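Structure record follows, encoded as structure tokens.
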Amino acid sequence: MRVISICPSNTELMEFLGLTHLLVGVDDYSDWPVSISTLPRLGPDLSIDMDCVEQLKPDLVLASLSVPGMEKNVEALVERGIPHIVLNPQSLSDIEHDLIKTAEALKEPELGIKAAQRFRSRIEAVKQKGKNRIRRPSLYWEWWPKPIFTPGKINWLTEISDAAGGVNIFHDVELASVQTDWNDVLSRKPDFICLAWVGVRREKVQKSIVKNRHGFEQLHYKDDSQILILEEELFCRPSPRLLEGLEKLIELIH
């Protein structure tokens, strides 16, 4: 089959299934695995060139609704009659389900079942490490610095925090993404600040940006080791690579 992915998380899902070789085109932001580097690029995930998509004659396009604005891609696929499925995972169980759903659409159901089982077993292995911890550190996740955006209860990072033996300080807010301010963050007194800015490479994020905020000293950190600069691609994309992020996080916070 000829498959196109128009979202980085879908491209990564294909790799977890072991079906990357079926890809004939990807969006501009897909950057993993390395084997996709020579594939045709079809534009940024919010503005896919549908003429190019059609020219590649795909048997299936993996679309997404993980970012606001992607709806127009789905509308264009429907309008042009291009075969597609739409993935919109909000949780780890959604990702597990999408592995099965995608493999079924690609006529490889067994691969989907095995991948989902592998995904679940890795999560459970980390949970076993985290559940016996006496202390559960509180984590403040920052998706964007100004205005501040952070994940709420309905988000995989709350699950990731819990699986690693920690607690998302905004787990009480019934939203996927929360816009708030620095004073609100300070009042919740996080043990760790986890910086994973969407679309920003790790090396471009500086701890000084947080340390210079008004009232930072109220957190009484001994040093800046409680400010974690994390890879956006391992924490902000709803793909199986969240497992890598989870396995890394448990080592950092304990």
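Chain identifiers are assigned as A, B, and so on, following the order in which chains appear in the structure tokens; residues are numbered from 1 within each chain, and ligands are numbered from 1 in order of appearance.
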Taking 2 positions as the minimum chain separation for residues in the same chain, which residues sit within 12 Å of Ser47 (chain A) when counting only C-alpha atoms? Answer as a VMD selection string.
chain A and resid 6 to 7 27 to 29 41 to 45 49 to 53 67 to 74 76
Apply DSSP to the structure's backbone, then extract all residues of region 117-166 of chain A labelled alpha helix (DSSP H) and return them as a PyMOL selection string.
chain A and resi 117-131+156-163
Keeping only N, CA and C atoms, take the residues you just selected and write them out as a CSV table (one decimal), in the first residue's frame.
```csv
chain,number,residue,atom,x,y,z
A,117,GLN,N,0.1,-4.3,22.4
A,117,GLN,CA,0.5,-5.1,23.6
A,117,GLN,C,1.9,-4.6,24.0
A,118,ARG,N,2.8,-4.4,23.1
A,118,ARG,CA,4.1,-3.9,23.4
A,118,ARG,C,4.1,-2.5,24.0
A,119,PHE,N,3.3,-1.7,23.5
A,119,PHE,CA,3.1,-0.3,24.1
A,119,PHE,C,2.6,-0.4,25.5
A,120,ARG,N,1.6,-1.2,25.7
A,120,ARG,CA,1.0,-1.3,27.1
A,120,ARG,C,2.0,-1.9,28.1
A,121,SER,N,2.7,-2.9,27.7
A,121,SER,CA,3.6,-3.6,28.6
A,121,SER,C,4.8,-2.7,29.0
A,122,ARG,N,5.2,-1.8,28.1
A,122,ARG,CA,6.3,-0.8,28.5
A,122,ARG,C,5.7,0.2,29.5
A,123,ILE,N,4.5,0.6,29.3
A,123,ILE,CA,3.9,1.5,30.3
A,123,ILE,C,3.8,0.9,31.6
A,124,GLU,N,3.3,-0.4,31.7
A,124,GLU,CA,3.1,-1.1,32.9
A,124,GLU,C,4.5,-1.3,33.6
A,125,ALA,N,5.5,-1.5,32.8
A,125,ALA,CA,6.8,-1.7,33.4
A,125,ALA,C,7.3,-0.5,34.2
A,126,VAL,N,7.1,0.7,33.6
A,126,VAL,CA,7.4,1.9,34.2
A,126,VAL,C,6.6,2.2,35.5
A,127,LYS,N,5.3,1.9,35.4
A,127,LYS,CA,4.4,2.1,36.5
A,127,LYS,C,4.8,1.3,37.7
A,128,GLN,N,5.3,0.1,37.4
A,128,GLN,CA,5.8,-0.8,38.5
A,128,GLN,C,7.0,-0.1,39.3
A,129,LYS,N,7.8,0.6,38.5
A,129,LYS,CA,8.9,1.3,39.1
A,129,LYS,C,8.5,2.5,40.0
A,130,GLY,N,7.4,3.1,39.4
A,130,GLY,CA,7.0,4.4,40.1
A,130,GLY,C,6.0,4.2,41.2
A,131,LYS,N,5.3,3.0,41.3
A,131,LYS,CA,4.2,2.9,42.3
A,131,LYS,C,4.7,2.7,43.7
A,156,TRP,N,-2.3,13.4,27.9
A,156,TRP,CA,-1.4,12.3,28.1
A,156,TRP,C,-0.3,12.6,29.1
A,157,LEU,N,0.1,13.9,29.3
A,157,LEU,CA,1.1,14.3,30.2
A,157,LEU,C,0.7,14.1,31.7
A,158,THR,N,-0.6,14.2,31.9
A,158,THR,CA,-1.1,13.9,33.3
A,158,THR,C,-0.9,12.4,33.5
A,159,GLU,N,-1.2,11.6,32.5
A,159,GLU,CA,-1.0,10.1,32.7
A,159,GLU,C,0.5,9.8,32.8
A,160,ILE,N,1.3,10.5,32.0
A,160,ILE,CA,2.8,10.2,32.0
A,160,ILE,C,3.3,10.6,33.4
A,161,SER,N,2.9,11.7,33.9
A,161,SER,CA,3.3,12.1,35.3
A,161,SER,C,3.0,11.0,36.3
A,162,ASP,N,1.7,10.5,36.2
A,162,ASP,CA,1.3,9.5,37.2
A,162,ASP,C,2.1,8.2,37.0
A,163,ALA,N,2.3,7.8,35.8
A,163,ALA,CA,3.0,6.5,35.5
A,163,ALA,C,4.4,6.6,36.1
```
Can you pull out the residues contacting region 236-243 of chain A? Cut-off 10 Å, using only C-alpha atoms, and skip same-chain residues under 2 positions away; I want them as number ranges by chain.
A: 7-17, 32, 66-67, 87-92, 94-96, 98-99, 115-116, 119-120, 122-123, 126, 143, 151, 155-157, 160, 196-199, 230-234, 245-249
Residue contacts of Glu54 (chain A) (12 Å, only C-alpha atoms) excluding same-chain residues fewer than 4 positions away, as an MDAnalysis selection string:
chainID A and resid 2:4 24:25 42 48:50 58:61 76:77 79:84
When DSSP works through the backbone of this structure, what residues of region 41-144 of chain A end up as strand (DSSP E), shown as a VMD selection string?
chain A and resid 60 to 64 84 to 87 138 to 142 144
Could you save the residues just selected, with N, CA, C and O atoms, as a short mmCIF file (atom, residue, chain, number, x, y, z; two decimals), in the first residue's frame?
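Saved the output as part-v8.cif:
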```cif
data_model
loop_
_atom_site.label_atom_id
_atom_site.label_comp_id
_atom_site.auth_asym_id
_atom_site.auth_seq_id
_atom_site.Cartn_x
_atom_site.Cartn_y
_atom_site.Cartn_z
N LEU A 60 -3.96 5.32 1.24
CA LEU A 60 -4.48 5.79 2.52
C LEU A 60 -3.66 6.97 3.01
O LEU A 60 -2.43 6.95 2.94
N VAL A 61 -4.36 7.99 3.50
CA VAL A 61 -3.70 9.13 4.15
C VAL A 61 -4.02 9.07 5.65
O VAL A 61 -5.18 8.89 6.04
N LEU A 62 -2.99 9.20 6.47
CA LEU A 62 -3.18 9.25 7.92
C LEU A 62 -3.29 10.71 8.32
O LEU A 62 -2.29 11.44 8.37
N ALA A 63 -4.50 11.15 8.59
CA ALA A 63 -4.76 12.54 8.97
C ALA A 63 -4.86 12.64 10.49
O ALA A 63 -4.85 11.64 11.21
N SER A 64 -4.94 13.87 10.97
CA SER A 64 -4.95 14.09 12.43
C SER A 64 -5.78 15.30 12.78
O SER A 64 -6.00 16.20 11.94
N HIS A 84 -8.77 7.99 3.59
CA HIS A 84 -8.03 8.46 4.77
C HIS A 84 -8.68 7.96 6.06
O HIS A 84 -9.84 7.53 6.05
N ILE A 85 -7.90 8.01 7.13
CA ILE A 85 -8.45 7.85 8.47
C ILE A 85 -7.96 9.05 9.28
O ILE A 85 -6.94 9.65 8.95
N VAL A 86 -8.70 9.37 10.33
CA VAL A 86 -8.36 10.53 11.17
C VAL A 86 -8.06 10.04 12.59
O VAL A 86 -8.88 9.35 13.21
N LEU A 87 -6.88 10.40 13.08
CA LEU A 87 -6.48 10.05 14.44
C LEU A 87 -6.46 11.31 15.30
O LEU A 87 -6.02 12.37 14.85
N SER A 138 5.63 16.79 42.55
CA SER A 138 4.66 17.51 41.72
C SER A 138 5.37 18.16 40.53
O SER A 138 6.48 18.70 40.67
N LEU A 139 4.74 18.09 39.37
CA LEU A 139 5.36 18.54 38.13
C LEU A 139 4.55 19.64 37.46
O LEU A 139 3.33 19.52 37.31
N TYR A 140 5.22 20.69 37.09
CA TYR A 140 4.59 21.74 36.27
C TYR A 140 5.13 21.60 34.85
O TYR A 140 6.32 21.75 34.60
N TRP A 141 4.23 21.29 33.93
CA TRP A 141 4.59 21.15 32.52
C TRP A 141 4.31 22.46 31.79
O TRP A 141 3.19 22.98 31.86
N GLU A 142 5.29 22.97 31.11
CA GLU A 142 5.08 24.21 30.35
C GLU A 142 5.20 23.92 28.86
O GLU A 142 6.26 23.58 28.35
N TRP A 144 4.09 26.32 26.59
CA TRP A 144 4.40 27.60 25.97
C TRP A 144 4.58 28.64 27.07
O TRP A 144 3.84 28.65 28.05
#
```
CA of Ser37 (chain A) and CA of Ser93 (chain A) are how many Å apart?
29.2 Å
Provide the CA of Ile169 (chain A) to CA of Arg188 (chain A) distance in Å, to one decimal place.
6.6 Å
What does the distance between CA of Ala164 (chain A) and CA of Gln179 (chain A) come to in Å, to one decimal place?
24.3 Å
Polymer residues at most 6 Å from Ser177 (chain A), only C-alpha atoms, same-chain spacing of 2 or more positions, as a list of chain:residue names:
A:Thr150, A:Pro151, A:Gly152, A:Leu175
Kindly indicate which residue among A:Cys194, A:Val205, A:Val26, A:Ile134 lies nearest to Leu56 (chain A), using only C-alpha atoms for the distances.
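Checking each candidate against Leu56 (chain A), we get A:Val26 as the closest.
Those residues that approach region 221-228 of chain A to within 7 Å, counting only C-alpha atoms, are Asp191, Phe192, Ile193, Cys194, Leu195, Lys207, Leu219 and Leu230 of chain A; same-chain residues fewer than 2 positions away are not listed.
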Restricting the calculation to only C-alpha atoms: of A:Val78, A:Gly18, A:His214, A:Arg136, which residue gets closest to Val185 (chain A)?
A:His214
